[in-house]
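Below is upload-v6.cif, which holds mmCIF, C-alpha atoms and all ligand atoms.
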data_protein
loop_
_atom_site.label_atom_id
_atom_site.label_comp_id
_atom_site.auth_asym_id
_atom_site.auth_seq_id
_atom_site.Cartn_x
_atom_site.Cartn_y
_atom_site.Cartn_z
CA MET A 1 61.79 117.01 90.04
CA THR A 2 58.57 118.79 90.88
CA ASP A 3 58.06 122.34 89.61
CA LEU A 4 60.65 124.66 91.03
CA ALA A 5 59.76 127.85 92.85
CA THR A 6 60.52 131.00 90.85
CA TYR A 7 63.04 132.04 93.55
CA ALA A 8 64.92 128.70 93.44
CA ALA A 9 68.39 128.48 91.85
CA TYR A 10 68.12 127.52 88.18
CA PRO A 11 71.13 125.79 86.62
CA ASP A 12 70.51 127.37 83.22
CA LYS A 13 70.68 130.79 84.87
CA THR A 14 73.87 130.09 86.80
CA ARG A 15 76.29 132.94 87.34
CA GLY A 16 78.71 130.56 85.72
CA ARG A 17 82.05 128.86 86.30
CA ARG A 18 85.42 130.54 86.72
CA HIS A 19 86.61 128.91 83.49
CA GLN A 20 84.06 128.83 80.74
CA GLU A 21 82.88 125.37 79.72
CA GLN A 22 80.21 124.08 77.39
CA ALA A 23 76.93 123.20 79.07
CA PRO A 24 76.83 119.53 80.11
CA ILE A 25 74.82 117.08 78.02
CA GLY A 26 72.28 114.81 79.71
CA ARG A 27 72.53 116.47 83.11
CA ASN A 28 72.27 119.98 84.47
CA ASP A 29 75.11 122.16 85.76
CA PHE A 30 74.40 121.43 89.42
CA GLN A 31 74.42 117.69 88.71
CA ARG A 32 77.77 118.15 87.03
CA ASP A 33 79.05 119.92 90.16
CA ARG A 34 77.77 117.11 92.36
CA ASP A 35 79.37 114.49 90.10
CA ARG A 36 82.74 116.28 90.12
CA ILE A 37 82.66 116.48 93.91
CA ILE A 38 81.95 112.75 94.25
CA HIS A 39 84.82 111.92 91.89
CA SER A 40 87.32 114.13 93.76
CA GLY A 41 90.14 112.76 95.90
CA ALA A 42 89.15 115.01 98.82
CA PHE A 43 85.68 113.44 98.85
CA ARG A 44 87.08 109.92 99.15
CA ARG A 45 89.29 111.01 102.03
CA LEU A 46 86.21 112.06 104.03
CA GLU A 47 85.74 108.36 104.80
CA TYR A 48 88.78 108.45 107.07
CA LYS A 49 88.20 111.80 108.73
CA THR A 50 86.16 112.33 111.85
CA GLN A 51 84.06 114.92 113.58
CA VAL A 52 84.20 113.93 117.26
CA PHE A 53 85.67 110.45 117.44
CA VAL A 54 88.99 109.49 115.94
CA ASN A 55 88.49 107.27 112.92
CA HIS A 56 89.67 103.95 114.34
CA GLU A 57 87.63 104.16 117.57
CA GLY A 58 84.77 102.09 116.17
CA ASP A 59 83.31 101.17 112.82
CA LEU A 60 79.80 102.34 113.69
CA PHE A 61 80.64 105.96 114.35
CA ARG A 62 80.01 108.64 111.77
CA THR A 63 82.85 109.75 109.60
CA ARG A 64 82.80 112.96 107.60
CA LEU A 65 81.73 110.90 104.58
CA THR A 66 78.64 109.41 106.21
CA HIS A 67 77.94 112.79 107.83
CA SER A 68 78.03 114.51 104.43
CA ILE A 69 75.67 111.89 102.97
CA GLU A 70 73.26 112.45 105.86
CA VAL A 71 73.41 116.22 105.28
CA ALA A 72 72.62 115.64 101.60
CA GLN A 73 69.69 113.38 102.48
CA ILE A 74 68.18 115.80 105.00
CA GLY A 75 68.87 118.77 102.70
CA ARG A 76 67.20 117.13 99.71
CA ALA A 77 64.09 116.34 101.74
CA ILE A 78 63.79 119.98 102.83
CA ALA A 79 64.53 121.24 99.29
CA ARG A 80 61.76 119.09 97.85
CA ASN A 81 59.28 120.34 100.46
CA LEU A 82 60.14 123.92 99.52
CA ALA A 83 60.35 123.43 95.71
CA LEU A 84 64.07 124.32 95.69
CA HIS A 85 66.77 122.78 93.50
CA GLU A 86 67.67 119.44 95.10
CA ASP A 87 70.80 118.88 93.00
CA LEU A 88 72.32 122.15 94.19
CA VAL A 89 71.57 121.37 97.83
CA GLU A 90 73.12 117.94 97.36
CA ALA A 91 76.27 119.34 95.72
CA ILE A 92 76.78 121.86 98.53
CA ALA A 93 76.10 119.23 101.21
CA LEU A 94 78.58 116.74 99.75
CA ALA A 95 81.29 119.41 99.45
CA HIS A 96 80.73 121.35 102.66
CA ASP A 97 83.31 119.46 104.75
CA LEU A 98 86.00 118.85 102.10
CA GLY A 99 88.38 121.31 103.76
CA HIS A 100 88.34 119.75 107.20
CA THR A 101 91.63 118.75 108.81
CA PRO A 102 92.17 115.34 110.35
CA PHE A 103 90.93 114.92 113.96
CA GLY A 104 87.87 117.15 113.75
CA HIS A 105 87.76 120.46 115.56
CA ALA A 106 90.89 119.76 117.57
CA GLY A 107 92.82 119.44 114.32
CA GLN A 108 91.35 122.63 112.90
CA ASP A 109 92.14 124.60 116.08
CA ALA A 110 95.72 123.33 116.16
CA LEU A 111 96.32 124.11 112.49
CA ASN A 112 94.79 127.56 112.91
CA GLU A 113 97.19 128.24 115.80
CA CYS A 114 100.14 127.04 113.69
CA MET A 115 99.03 129.36 110.88
CA HIS A 116 98.82 132.38 113.18
CA GLY A 117 100.87 135.05 111.43
CA HIS A 118 100.50 133.23 108.10
CA GLY A 119 96.88 134.12 107.39
CA GLY A 120 95.26 131.55 109.72
CA PHE A 121 93.41 128.38 108.80
CA GLU A 122 89.64 128.06 108.48
CA HIS A 123 88.01 124.83 107.28
CA ASN A 124 85.27 126.65 105.42
CA LEU A 125 87.71 128.66 103.34
CA GLN A 126 89.75 125.51 102.88
CA SER A 127 86.72 123.66 101.43
CA LEU A 128 86.51 126.40 98.80
CA ARG A 129 90.26 126.17 98.22
CA VAL A 130 89.95 122.41 97.66
CA VAL A 131 87.33 122.83 94.93
CA ASP A 132 88.91 125.99 93.43
CA VAL A 133 92.61 125.14 93.52
CA LEU A 134 93.83 121.99 95.21
CA GLU A 135 92.06 119.25 93.27
CA GLN A 136 94.13 118.76 90.14
CA ARG A 137 92.32 116.39 87.85
CA TYR A 138 91.20 118.32 84.81
CA ALA A 139 93.25 119.20 81.76
CA GLU A 140 92.13 122.77 81.38
CA PHE A 141 91.89 124.17 84.90
CA ASP A 142 92.90 123.72 88.52
CA GLY A 143 90.20 122.68 90.96
CA LEU A 144 86.79 121.35 89.96
CA ASN A 145 85.59 124.55 88.27
CA LEU A 146 82.21 124.45 90.03
CA THR A 147 79.36 126.89 89.44
CA PHE A 148 79.13 130.12 91.43
CA GLU A 149 76.04 128.80 93.25
CA THR A 150 77.81 125.70 94.60
CA ARG A 151 80.90 127.70 95.59
CA GLU A 152 78.79 130.33 97.33
CA GLY A 153 77.06 127.57 99.30
CA ILE A 154 80.36 126.00 100.34
CA LEU A 155 81.57 129.33 101.73
CA LYS A 156 79.17 129.37 104.67
CA HIS A 157 80.89 132.08 106.63
CA CYS A 158 83.86 134.32 106.06
CA SER A 159 85.41 137.41 107.62
CA VAL A 160 85.13 140.65 105.65
CA LYS A 161 88.92 140.72 105.51
CA ASN A 162 89.09 137.31 103.82
CA ALA A 163 86.03 138.07 101.70
CA LYS A 164 87.89 140.91 100.00
CA ASN A 165 90.34 138.43 98.49
CA LEU A 166 87.70 136.02 97.21
CA GLY A 167 86.14 137.90 94.31
CA ASP A 168 82.51 137.10 93.46
CA VAL A 169 81.82 134.57 96.25
CA GLY A 170 83.17 137.00 98.83
CA GLU A 171 80.88 139.87 97.84
CA ARG A 172 77.89 138.88 99.91
CA PHE A 173 79.87 139.09 103.14
CA ILE A 174 80.86 142.64 102.30
CA LYS A 175 77.33 143.62 101.20
CA ARG A 176 75.79 141.59 104.07
CA GLN A 177 73.56 139.65 101.69
CA GLN A 178 72.23 136.11 101.85
CA PRO A 179 73.16 133.17 99.65
CA SER A 180 70.54 131.14 97.72
CA LEU A 181 67.85 129.33 99.70
CA GLU A 182 69.55 126.10 98.61
CA ALA A 183 72.72 127.19 100.42
CA GLN A 184 70.68 128.16 103.48
CA VAL A 185 69.01 124.74 103.47
CA ALA A 186 72.33 122.88 103.21
CA ASN A 187 73.67 124.89 106.14
CA LEU A 188 70.78 124.02 108.44
CA ALA A 189 70.67 120.41 107.23
CA ASP A 190 74.27 120.23 108.47
CA GLU A 191 73.18 121.35 111.94
CA ILE A 192 70.27 118.92 112.05
CA ALA A 193 72.54 116.07 110.95
CA TYR A 194 75.38 116.59 113.40
CA ASN A 195 73.32 117.39 116.49
CA ASN A 196 71.33 114.22 116.03
CA HIS A 197 74.09 111.87 115.04
CA ASP A 198 76.25 113.14 117.87
CA VAL A 199 73.46 112.11 120.25
CA ASP A 200 73.43 108.69 118.63
CA ASP A 201 77.24 108.28 118.55
CA GLY A 202 77.56 109.79 122.04
CA LEU A 203 75.17 107.22 123.46
CA ARG A 204 76.81 104.35 121.59
CA SER A 205 80.23 105.35 122.87
CA GLY A 206 78.94 105.43 126.44
CA LEU A 207 80.21 109.00 126.92
CA ILE A 208 76.67 110.25 127.49
CA SER A 209 73.70 108.38 128.91
CA LEU A 210 69.95 108.27 128.35
CA GLU A 211 69.43 109.54 131.90
CA GLN A 212 71.53 112.63 131.16
CA LEU A 213 69.81 113.29 127.85
CA VAL A 214 66.41 113.46 129.47
CA GLU A 215 67.43 116.98 130.63
CA VAL A 216 67.16 118.03 126.99
CA LYS A 217 63.58 118.97 126.01
CA LEU A 218 63.74 117.93 122.37
CA PHE A 219 65.07 114.52 123.33
CA ALA A 220 62.75 114.06 126.34
CA GLU A 221 59.59 114.90 124.36
CA ASN A 222 60.35 112.47 121.56
CA LEU A 223 61.53 109.78 123.97
CA ALA A 224 58.26 110.04 125.92
CA GLN A 225 56.26 109.60 122.71
CA VAL A 226 58.17 106.44 121.79
CA GLN A 227 57.90 104.99 125.30
CA THR A 228 54.14 105.56 125.38
CA GLN A 229 53.66 103.94 122.00
CA PHE A 230 56.17 101.09 122.54
CA PRO A 231 56.67 100.52 126.30
CA LYS A 232 58.89 97.45 125.97
CA LEU A 233 61.58 98.52 123.51
CA ASN A 234 65.23 97.73 124.18
CA ASP A 235 67.59 100.71 124.44
CA ARG A 236 69.03 100.36 120.95
CA ARG A 237 65.65 100.64 119.26
CA LEU A 238 64.43 103.21 121.75
CA ILE A 239 67.37 105.50 120.95
CA HIS A 240 67.03 105.09 117.21
CA GLU A 241 63.26 105.70 117.28
CA THR A 242 63.82 108.82 119.37
CA VAL A 243 66.58 110.21 117.18
CA ARG A 244 64.64 109.63 113.98
CA ARG A 245 61.66 111.47 115.45
CA MET A 246 63.92 114.32 116.51
CA ILE A 247 65.25 114.65 112.97
CA ASN A 248 61.73 114.52 111.60
CA SER A 249 60.41 117.15 113.99
CA LEU A 250 63.32 119.48 113.12
CA VAL A 251 62.83 118.97 109.37
CA MET A 252 59.08 119.57 109.61
CA ASP A 253 59.48 122.64 111.82
CA LEU A 254 62.09 124.06 109.47
CA THR A 255 59.83 123.42 106.47
CA ARG A 256 56.80 125.08 108.04
CA GLN A 257 58.67 128.08 109.41
CA SER A 258 60.56 128.62 106.14
CA GLN A 259 57.31 128.42 104.15
CA ALA A 260 55.83 131.06 106.43
CA ASN A 261 58.92 133.29 106.06
CA ILE A 262 58.78 132.94 102.27
CA ALA A 263 55.06 133.73 102.22
CA HIS A 264 55.66 136.79 104.37
CA HIS A 265 58.41 138.25 102.16
CA HIS A 266 57.05 136.83 98.84
CA PRO A 267 60.34 136.83 96.90
CA GLN A 268 60.05 136.38 93.13
CA THR A 269 63.59 135.59 92.09
CA ILE A 270 66.92 134.45 93.52
CA ASP A 271 68.05 138.10 93.39
CA ASP A 272 65.26 138.97 95.83
CA ILE A 273 66.45 136.11 98.09
CA ARG A 274 69.94 137.59 98.25
CA LYS A 275 68.63 140.95 99.47
CA LEU A 276 66.14 139.63 102.04
CA PRO A 277 67.00 138.38 105.53
CA ALA A 278 67.67 134.63 105.80
CA LEU A 279 64.35 132.90 105.08
CA ILE A 280 65.29 129.34 105.97
CA GLY A 281 65.02 128.86 109.70
CA PHE A 282 63.40 127.16 112.67
CA SER A 283 60.50 128.52 114.68
CA PRO A 284 61.63 130.38 117.84
CA GLU A 285 60.47 127.44 120.00
CA MET A 286 62.44 124.91 117.97
CA GLN A 287 65.42 127.23 117.78
CA ALA A 288 65.50 127.26 121.59
CA ARG A 289 65.25 123.46 121.76
CA GLN A 290 68.03 123.07 119.23
CA ALA A 291 70.23 125.53 121.16
CA GLU A 292 69.60 123.57 124.37
CA LEU A 293 70.66 120.34 122.66
CA LYS A 294 73.83 122.01 121.35
CA ARG A 295 74.73 123.28 124.82
CA PHE A 296 74.21 119.80 126.22
CA LEU A 297 76.48 118.23 123.61
CA ARG A 298 79.18 120.83 124.10
CA LYS A 299 79.26 120.34 127.84
CA ASN A 300 78.80 116.58 128.05
CA LEU A 301 80.24 115.18 124.84
CA TYR A 302 82.66 117.56 123.11
CA GLN A 303 84.29 118.48 126.43
CA HIS A 304 84.18 114.97 127.91
CA TYR A 305 87.56 114.08 129.38
CA ARG A 306 87.95 111.11 127.06
CA VAL A 307 87.34 113.33 124.03
CA ASN A 308 89.76 115.88 125.53
CA ARG A 309 92.45 113.24 125.73
CA MET A 310 92.07 112.47 122.05
CA SER A 311 92.04 116.17 121.25
CA VAL A 312 95.27 116.85 123.12
CA LYS A 313 97.04 114.04 121.29
CA ALA A 314 95.59 115.17 117.97
CA LYS A 315 96.77 118.73 118.50
CA ARG A 316 100.26 117.56 119.36
CA ILE A 317 100.43 115.51 116.15
CA ILE A 318 99.29 118.46 114.03
CA ARG A 319 101.69 120.91 115.69
CA GLU A 320 104.68 118.64 115.41
CA LEU A 321 103.94 117.80 111.78
CA PHE A 322 103.60 121.50 111.01
CA ASP A 323 106.89 122.36 112.73
CA VAL A 324 108.85 119.64 110.99
CA PHE A 325 107.52 120.48 107.52
CA ILE A 326 107.90 124.22 107.87
CA SER A 327 111.52 123.78 108.97
CA ASP A 328 112.23 121.56 105.96
CA VAL A 329 109.72 121.60 103.10
CA THR A 330 111.66 118.88 101.28
CA LEU A 331 110.11 116.38 103.70
CA MET A 332 106.78 116.87 101.94
CA PRO A 333 105.69 115.11 98.74
CA SER A 334 106.85 116.96 95.63
CA GLU A 335 103.49 118.53 94.68
CA TYR A 336 103.41 120.38 98.02
CA GLN A 337 107.10 121.30 97.77
CA ASP A 338 106.37 122.88 94.39
CA ARG A 339 103.61 124.92 95.94
CA SER A 340 105.82 125.98 98.83
CA SER A 341 107.91 128.35 96.70
CA GLU A 342 104.92 130.72 96.65
CA ASP A 343 103.87 130.45 100.31
CA SER A 344 105.52 127.71 102.33
CA ALA A 345 103.23 127.93 105.39
CA ARG A 346 100.12 127.64 103.19
CA ALA A 347 101.62 124.67 101.35
CA VAL A 348 102.26 122.91 104.68
CA ALA A 349 98.71 123.72 105.84
CA ASP A 350 97.30 122.34 102.57
CA TYR A 351 99.28 119.14 102.98
CA ILE A 352 98.26 118.64 106.62
CA ALA A 353 94.62 119.60 106.06
CA GLY A 354 94.37 117.02 103.29
CA MET A 355 95.49 114.17 105.56
CA THR A 356 93.07 111.61 106.94
CA ASP A 357 93.23 110.76 110.66
CA ARG A 358 95.15 107.57 110.04
CA TYR A 359 97.47 109.12 107.44
CA ALA A 360 98.40 111.87 109.91
CA ILE A 361 99.14 109.26 112.60
CA ARG A 362 101.26 107.22 110.17
CA GLU A 363 103.08 110.27 108.89
CA TYR A 364 103.84 111.24 112.48
CA GLN A 365 105.22 107.77 113.17
CA ARG A 366 107.28 107.77 109.98
CA LEU A 367 108.85 111.11 110.86
CA PHE A 368 109.41 110.72 114.58
CA THR A 369 110.10 107.05 115.19
CA VAL A 370 112.79 104.92 113.66
CA SER A 371 112.05 101.29 112.86
CA GLU A 372 114.64 98.72 111.83
CA ARG A 373 112.64 97.87 108.75
CA GLU A 374 113.06 101.38 107.37
CA LEU A 375 116.78 101.46 108.11
MG MG A 401 79.28 119.38 108.50
#

So, in terms of structure tokens, how does the structure I just supplied come out?
Amino acid sequence: MTDLATYAAYPDKTRGRRHQEQAPIGRNDFQRDRDRIIHSGAFRRLEYKTQVFVNHEGDLFRTRLTHSIEVAQIGRAIARNLALHEDLVEAIALAHDLGHTPFGHAGQDALNECMHGHGGFEHNLQSLRVVDVLEQRYAEFDGLNLTFETREGILKHCSVKNAKNLGDVGERFIKRQQPSLEAQVANLADEIAYNNHDVDDGLRSGLISLEQLVEVKLFAENLAQVQTQFPKLNDRRLIHETVRRMINSLVMDLTRQSQANIAHHHPQTIDDIRKLPALIGFSPEMQARQAELKRFLRKNLYQHYRVNRMSVKAKRIIRELFDVFISDVTLMPSEYQDRSSEDSARAVADYIAGMTDRYAIREYQRLFTVSEREL
């Protein structure tokens, strides 16, 4: 690693872990966090969870696992440009989606509705809950016992009401402070990753077309560059060349603008970073382009009638699973039953949120259809 900026996060100055442990040997504390995340069960399940498309729709579409790896890749590139701690950015990136329900946003919305009156459900808080409580793999503590810096990065947003129950990682939402620059980088790397791969997956699925995308400035500008340089490319290569240039232009804009912001505020330490406004960001011009792309995707992809059909089915599955488990917790595996004595709705939410798309579909079939084989 190149020399770190003085205001980067330093593993030897971590605010520590919830349960004290000896410093790792042969790796730093952020590497240890990253390694624990990769070895968790929730991380492996990301392979069978989706963002927009249901998992079995096609093998080429992104899953939450490949998405998280792309976020880590983009985040590390930005971190290196800005002399920030790459291992911390990577750990946050790989963990940021661990709390997602099956079936993407439709699943999260349905589970949140089910949890109305029981404290609600929010994937961001759930990601923290996975690494703090739900993973049970270590002899001496629940969860993965990650450093404060990784946990703070995972908790991207949070209401003040929820923040009050979260102890140290909740404080910044009450004090209106910023997290480390590494957390800010991971957050924007997430945006860069999903906007661009949704363009790619959207085109591959046929739900959006090149002709439609030309309305979007960021896409049109990069497409024109590729077409001028390579006039005879087939669509597949043309799309990939355009998307990779879009990612590159976003990363470079973010790097330049963030360098300028840092130079303007000249922070010295991570404590300064927490008190300053967010320093990682796009230029106003790029911010507008990115917002235009988001609006396009919302209107033409996320609200496409074929996506809506999947979402309606997904919501029904989540709701019916929730209703059946809450009416009889003994239908859940024993570890969730045990947890249900404390708070049965939360135990059901934990069980459902942990399911992959295909597990939820199978569980639904097992509970609501009768096959001769089972009888
Ligand atoms: Mg994400």

Q: Could you pull out the residues sitting within 9 Å of ligand MG 401 (chain A), using all atoms listed in the file, and write them as JSON, numbers by chain?
A: {"A": [51, 64, 67, 68, 71, 93, 96, 97, 187, 189, 190, 191, 193, 194]}

Q) Which value, in Å to one decimal, gives the distance between CA of Ala106 (chain A) and CA of Ser311 (chain A)? A)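 Going from CA of Ala106 (chain A) over to CA of Ser311 (chain A), I get 5.3 Å.
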
Q) Any idea what the distance is between CA of Ile239 (chain A) and CA of Leu210 (chain A)? A) 8.3 Å

(Q) List the spatial neighbours of region 213-222 of chain A as a ChimeraX atom specification - criterion: any atom at most 12 Å away, only C-alpha atoms, same-chain residues fewer than 5 positions off excluded. (A) /A:195-196,198-200,202-203,207-208,227-229,238-250,285-297,299-301

**Q.** For Met355 (chain A), the nearest of the candidates A:Gln108, A:Thr330, A:Ser341, A:Gln22, counting only C-alpha atoms
**A.**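 Among the listed residues, A:Gln108 lies closest to Met355 (chain A).
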
Q) Can you tell me, as a list of chain:residue names, what residues are no more than 6 Å from region 87-92 of chain A when counting all atoms listed in the file, ignoring any on the same chain fewer than 4 positions away? A)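 Once the adjacent positions are removed, what remains is A:Phe30, A:Gln31, A:Arg34, A:Ala72, A:His96, A:Thr150, A:Gly153, A:Ile154, A:Glu182, A:Ala186.
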
Q | Spatial sel., origin (91.9, 127.2, 88.3), limit 8 Å, all atoms listed in the file, listed as a list in words | A |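 Final list of nearby residues, as requested, is Arg18, His19, Asp132, Val133, Phe141, Asp142, Gly143, Leu144 and Asn145 of chain A.
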
I need the residues from that last selection saved to file as a PDB file, in the frame of the given file (with C-alpha atoms), if you can.
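Result went into part00.pdb, see below:
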ATOM      1  CA  ARG A  18      85.420 130.540  86.720  1.00  0.00           C
ATOM      2  CA  HIS A  19      86.610 128.910  83.490  1.00  0.00           C
ATOM      3  CA  ASP A 132      88.910 125.990  93.430  1.00  0.00           C
ATOM      4  CA  VAL A 133      92.610 125.140  93.520  1.00  0.00           C
ATOM      5  CA  PHE A 141      91.890 124.170  84.900  1.00  0.00           C
ATOM      6  CA  ASP A 142      92.900 123.720  88.520  1.00  0.00           C
ATOM      7  CA  GLY A 143      90.200 122.680  90.960  1.00  0.00           C
ATOM      8  CA  LEU A 144      86.790 121.350  89.960  1.00  0.00           C
ATOM      9  CA  ASN A 145      85.590 124.550  88.270  1.00  0.00           C
TER      10      ASN A 145
END

What's around Leu46 (chain A) at 10 Å? Count only C-alpha atoms, leave out sequence neighbours fewer than 3 positions away in its own chain, and write the answer as a PDB file with C-alpha atoms, in the coordinates of the input.
ATOM      1  CA  GLY A  41      90.140 112.760  95.900  1.00  0.00           C
ATOM      2  CA  ALA A  42      89.150 115.010  98.820  1.00  0.00           C
ATOM      3  CA  PHE A  43      85.680 113.440  98.850  1.00  0.00           C
ATOM      4  CA  LYS A  49      88.200 111.800 108.730  1.00  0.00           C
ATOM      5  CA  THR A  50      86.160 112.330 111.850  1.00  0.00           C
ATOM      6  CA  THR A  63      82.850 109.750 109.600  1.00  0.00           C
ATOM      7  CA  ARG A  64      82.800 112.960 107.600  1.00  0.00           C
ATOM      8  CA  LEU A  65      81.730 110.900 104.580  1.00  0.00           C
ATOM      9  CA  THR A  66      78.640 109.410 106.210  1.00  0.00           C
ATOM     10  CA  HIS A  67      77.940 112.790 107.830  1.00  0.00           C
ATOM     11  CA  SER A  68      78.030 114.510 104.430  1.00  0.00           C
ATOM     12  CA  LEU A  94      78.580 116.740  99.750  1.00  0.00           C
ATOM     13  CA  ALA A  95      81.290 119.410  99.450  1.00  0.00           C
ATOM     14  CA  ASP A  97      83.310 119.460 104.750  1.00  0.00           C
ATOM     15  CA  LEU A  98      86.000 118.850 102.100  1.00  0.00           C
ATOM     16  CA  GLY A  99      88.380 121.310 103.760  1.00  0.00           C
ATOM     17  CA  HIS A 100      88.340 119.750 107.200  1.00  0.00           C
ATOM     18  CA  THR A 101      91.630 118.750 108.810  1.00  0.00           C
ATOM     19  CA  PRO A 102      92.170 115.340 110.350  1.00  0.00           C
ATOM     20  CA  GLY A 354      94.370 117.020 103.290  1.00  0.00           C
ATOM     21  CA  MET A 355      95.490 114.170 105.560  1.00  0.00           C
ATOM     22  CA  THR A 356      93.070 111.610 106.940  1.00  0.00           C
ATOM     23  CA  ASP A 357      93.230 110.760 110.660  1.00  0.00           C
TER      24      ASP A 357
END

Q) Taking into account all atoms listed in the file, which residue in the set A:Val348, A:Leu276, A:Leu155, A:Ala77 is nearest to His264 (chain A)? A)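 Smallest distance to His264 (chain A) is found for A:Leu276.
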
Q. In Å, with one decimal, what is the gap from CA of Arg151 (chain A) to CA of Arg358 (chain A)?
A. 28.6 Å

**Q.** Exercise: residues within 10 Å of coordinate (57.7, 120.5, 98.4), counting all atoms listed in the file, as a list of chain:residue names
**A.**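 The requested residues, written out, are A:Met1, A:Thr2, A:Asp3, A:Leu4, A:Ala5, A:Ala77, A:Ile78, A:Ala79, A:Arg80, A:Asn81, A:Leu82, A:Ala83, A:Leu84, A:Thr255, A:Gln259.
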
**Q.** Residue neighbourhood Leu331 (chain A), 12 Å, all atoms listed in the file, exclusion window fewer than 6 positions, as an NGL selection string
**A.** :A and (321-325 or 337-338 or 340 or 348 or 351 or 363-364 or 366-367)

Q: Check the smallest atom-to-atom distance from each of A:Val251, A:Arg176, A:Ser371, A:Ala347 to Ser334 (chain A) using only C-alpha atoms, then report the winner.
A: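 Ranked by minimum distance to Ser334 (chain A), first place goes to A:Ala347.
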
Q.
Nearest residue to Arg36 (chain A) out of A:Tyr138, A:Ser344, A:Asp235, A:Arg204, using all atoms listed in the file?
A. A:Tyr138
